[in-house]
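Only one structure is covered here, and it is reproduced in the block below.
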Amino acid sequence: MKLIDIRPNQGANKQRKRVGRGPGSGHGKTAGRGHKGQKSRSGGVKNPARFEGGRSTLIMRLPKRGMKGASHGPLKRVEYQVVNVGAIAKHFTSGEVGPEALAQAGLVRPGYPVKVLALGDANGVKVRAHKFSQAAVEKLKAAGGEAIVIEGA
């Protein structure tokens with residue numbers, strides 16, 4: 001066998017159909033689109049997911065409810081990472097605990113504002129976070145700890 005004998009498999013290299021290139025090609029004149037009608041025109045095929053033959057589409061017929069806001073899509077709100085005082089007490093015994101330390105411990109995802117909630121038993125640590133529930137502040141103070149609010153959430 002020589003290099004010149006190697007050929008691609010039958011049908012592997014199929015040439016694309018060139019339409020509208022004269023009567024000898026078999027795809028000339030109307031280029032396989034037939035005569036007249038919407039589908040024969042340029043840009044004539046409508047999106048079947050939306051177009052319903054000219055009647056009022058489903059999205060137009062359904063009632064619109066709720067607030068749209070200044071921009072489309074979900075309303076923009078601050079997404080807090082929540083952590084409970086019990087989880088903080090398990091990982092930290094003393095000192096000051098901030099969002100960076102909580103992220104390193106795997107309690108919250110980094111780069112998000114943190115809110116501390118009151119589930120579990122607290123210990124005497126200083127906790128820095130962007131928000132605290134009222135019950136969490138009371139639990140931390142009762143255990144000898146402190147809740148420090150970080151500005152700019």
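So you can find residues: chains in the structure tokens are A, B, ... in the order shown, residues in each start at 1, and ligands are numbered from 1 in order.
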- Message: Please return, as number ranges by chain, all residues of range 8-153 of chain A that DSSP assigns to strand (DSSP E or B) on the basis of the backbone.
- Response: A: 81-84, 96-97, 114-117, 126-129, 131-132, 146-149
- Query: Near range 85-87 of chain A, counting only C-alpha atoms, which residues have an atom at most 8 Å away, once you skip same-chain residues fewer than 4 positions from it, shown as number ranges by chain?
  - Reply: A: 91, 107, 116-122, 136, 140
- Note on the structure: Among A:Gly124, A:Gly111, A:Gly20, A:Gly152, Phe92 in chain A is approached most closely, using only C-alpha atoms, by A:Gly124
- Task: Find, counting only C-alpha atoms, the residue in A:Ile6, A:Val97, A:Val82, A:Ala89 that gets nearest to Arg109 in chain A.
- Result: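 Ranked by minimum distance to Arg109 in chain A, first place goes to A:Val82.
The shell of residues at most 7 Å from Lys131 in chain A, with only C-alpha atoms counted and near chain neighbours (fewer than 2 positions) removed, consists of Val114, Lys115, Val116, Ala129, Ser133 and Val149 of chain A.
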- Task: Grab the CA of Pro99 in chain A to CA of Val127 in chain A distance for me, in Å with one decimal place.
- Result: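 Computed distance, CA of Pro99 in chain A to CA of Val127 in chain A, equals 8.8 Å.
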- Task: Could you check which of A:Val125, A:Gln81, A:Pro110, A:Glu151 is closest to Lys139 in chain A, using only C-alpha atoms?
- Result: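 Selected residue with least distance to Lys139 in chain A: A:Val125.
Here CA of Lys64 in chain A stands at a distance of 24.5 Å from CA of Lys46 in chain A.
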- Item | Atom pair CA of Leu58 in chain A / CA of Ser42 in chain A: separation (Å) | 26.0 Å
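Residues of range 13-76 of chain A that DSSP places in alpha helix (DSSP H), based on the backbone of this structure, are Leu58, Ile59, Met60 and Arg61 of chain A.
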